[in-house]
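**Q** One file is attached below, data_25.tsv, containing TSV, C-alpha atoms.
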chain	number	residue	atom	x	y	z
S	1	MET	CA	9.94	7.30	7.71
S	2	SER	CA	9.55	6.94	11.46
S	3	ILE	CA	7.40	4.18	12.97
S	4	HIS	CA	7.07	4.27	16.76
S	5	GLU	CA	10.21	6.43	16.87
S	6	GLN	CA	12.13	3.79	14.88
S	7	ARG	CA	13.76	4.93	11.63
S	8	VAL	CA	12.66	2.78	8.66
S	9	MET	CA	13.93	3.31	5.11
S	10	LEU	CA	13.04	1.70	1.79
S	11	ASN	CA	15.84	0.41	-0.40
S	12	ASP	CA	15.61	-1.07	-3.89
S	13	ASN	CA	19.27	-2.13	-3.94
S	14	ARG	CA	19.73	-5.75	-4.98
S	15	SER	CA	22.61	-7.86	-3.68
S	16	GLU	CA	24.61	-10.24	-5.85
S	17	ASN	CA	23.40	-13.11	-3.63
S	18	CYS	CA	19.77	-12.50	-4.56
S	19	SER	CA	18.11	-15.43	-6.32
S	20	ILE	CA	14.94	-13.67	-7.50
S	21	ASP	CA	14.52	-12.21	-11.00
S	22	PHE	CA	12.24	-9.28	-10.18
S	23	PRO	CA	12.75	-5.97	-8.38
S	24	TYR	CA	11.87	-5.75	-4.71
S	25	VAL	CA	11.92	-3.18	-1.94
S	26	GLN	CA	13.87	-3.90	1.21
S	27	LEU	CA	12.81	-2.44	4.56
S	28	VAL	CA	15.91	-1.04	6.23
S	29	VAL	CA	15.65	-0.45	9.97
S	30	THR	CA	18.34	1.45	11.84
S	31	PHE	CA	19.25	0.85	15.46
S	32	GLU	CA	21.22	2.80	18.05
S	33	ASN	CA	23.50	-0.15	18.91
S	34	GLU	CA	24.25	-3.81	18.20
S	35	VAL	CA	22.26	-5.07	21.20
S	36	GLU	CA	19.04	-3.51	19.85
S	37	LEU	CA	19.77	-4.87	16.36
S	38	LYS	CA	20.44	-8.40	17.62
S	39	ASN	CA	17.29	-8.36	19.80
S	40	ALA	CA	15.15	-7.36	16.82
S	41	PHE	CA	16.80	-9.99	14.62
S	42	GLU	CA	16.05	-12.66	17.24
S	43	ILE	CA	12.35	-11.71	17.07
S	44	LEU	CA	12.12	-11.78	13.24
S	45	LYS	CA	14.58	-14.56	12.40
S	46	ASP	CA	12.02	-17.40	12.50
S	47	GLU	CA	12.88	-19.34	9.33
S	48	PRO	CA	14.95	-16.55	7.78
S	49	LYS	CA	16.88	-16.74	4.55
S	50	VAL	CA	19.99	-14.72	5.37
S	51	VAL	CA	21.22	-12.78	2.35
S	52	SER	CA	23.98	-10.82	4.04
S	53	PRO	CA	25.36	-12.32	7.28
S	54	MET	CA	25.72	-10.14	10.36
S	55	LYS	CA	28.97	-8.19	10.04
S	56	ALA	CA	30.68	-4.81	10.29
S	57	THR	CA	31.15	-2.73	7.13
S	58	ASP	CA	32.74	0.59	6.20
S	59	PHE	CA	29.49	2.42	6.98
S	60	THR	CA	28.19	0.59	10.08
S	61	PRO	CA	29.57	-1.49	12.95
S	62	CYS	CA	26.81	-4.08	12.45
S	63	THR	CA	24.43	-4.97	9.62
S	64	VAL	CA	22.43	-8.02	8.49
S	65	GLY	CA	20.14	-8.66	5.51
S	66	PHE	CA	17.49	-11.38	5.35
S	67	TRP	CA	14.10	-12.50	4.03
S	68	ASP	CA	11.58	-13.34	6.74
S	69	LYS	CA	9.15	-16.27	6.62
S	70	TYR	CA	6.52	-14.00	5.00
S	71	GLY	CA	8.76	-13.08	2.07
S	72	ILE	CA	9.64	-9.60	3.34
S	73	ARG	CA	13.23	-8.49	2.74
S	74	TRP	CA	14.83	-6.74	5.74
S	75	GLY	CA	18.08	-4.89	6.24
S	76	PHE	CA	19.08	-4.05	9.80
S	77	MET	CA	21.95	-1.69	10.56
S	78	VAL	CA	23.40	0.31	13.44
S	79	GLN	CA	23.34	4.06	12.76
Could the structure of this file be written out as structure tokens, please?
**A**
Amino acid sequence: MSIHEQRVMLNDNRSENCSIDFPYVQLVVTFENEVELKNAFEILKDEPKVVSPMKATDFTPCTVGFWDKYGIRWGFMVQ
């Protein structure tokens, strides 16, 4: 879906580092570049529980996964 021209996807993929025993949906937000991703992470990282540290992968130059202080699971990635 698109929210204010920002691409947002839903993902039910569970990482091996997850400590919960029930299914959840992760909000995945894509960014044009690492600067935008890092700026958004700075805004939402208040008391985060990082699940997947910021890193490059085979499919993106930058990604990070975390739970915010409200219990929402986020995945940020550069397109």
**Q** Taking all atoms listed in the file into account, which of S:Pro48, S:Gly75, S:Gly65, S:Pro53 comes nearest Leu10 of chain S?
**A**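 Selected residue with least distance to Leu10 of chain S: S:Gly75.
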**Q** List the residues sitting within 6 Å of (15.4, -10.1, 9.2) in the file's frame, using all atoms listed in the file, as a PyMOL selection string.
**A** chain S and resi 41+44-45+66-68+74
**Q** Taking all atoms listed in the file into account, which of S:Thr60, S:Lys55, S:Asp12, S:Lys69 comes nearest Glu32 of chain S?
**A**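 Checking each candidate against Glu32 of chain S, we get S:Thr60 as the closest.
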**Q** Taking all atoms listed in the file into account, name the residue in S:Val78, S:Leu37, S:Val29, S:Ile72 that is nearest to Val50 of chain S.
**A**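 Closest to Val50 of chain S, using all atoms listed in the file: S:Ile72.
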**Q** What is the distance, in Å and to one decimal place, between atom CA of Glu36 of chain S and atom CA of Gln79 of chain S?
**A** 11.2 Å
**Q** My list of candidates is S:Ser2, S:Asn11, S:Asn39, S:Thr30. Which is closest to Thr63 of chain S when distances are computed with only C-alpha atoms?
**A** S:Thr30
**Q** Pick out the closest residue to Val51 of chain S from this set: S:Asn33, S:Met9, S:Phe76, S:Lys38. Count all atoms listed in the file.
**A** S:Phe76
**Q** When you count all atoms listed in the file, which of these residues is closest to Met77 of chain S: S:Met1, S:Val8, S:Val25, S:Cys62?
**A**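 Counting all atoms listed in the file, the residue closest to Met77 of chain S is S:Cys62.
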**Q** In Å to one decimal, how far is atom CA of Gln26 of chain S from atom CA of Glu5 of chain S?
**A** 19.1 Å
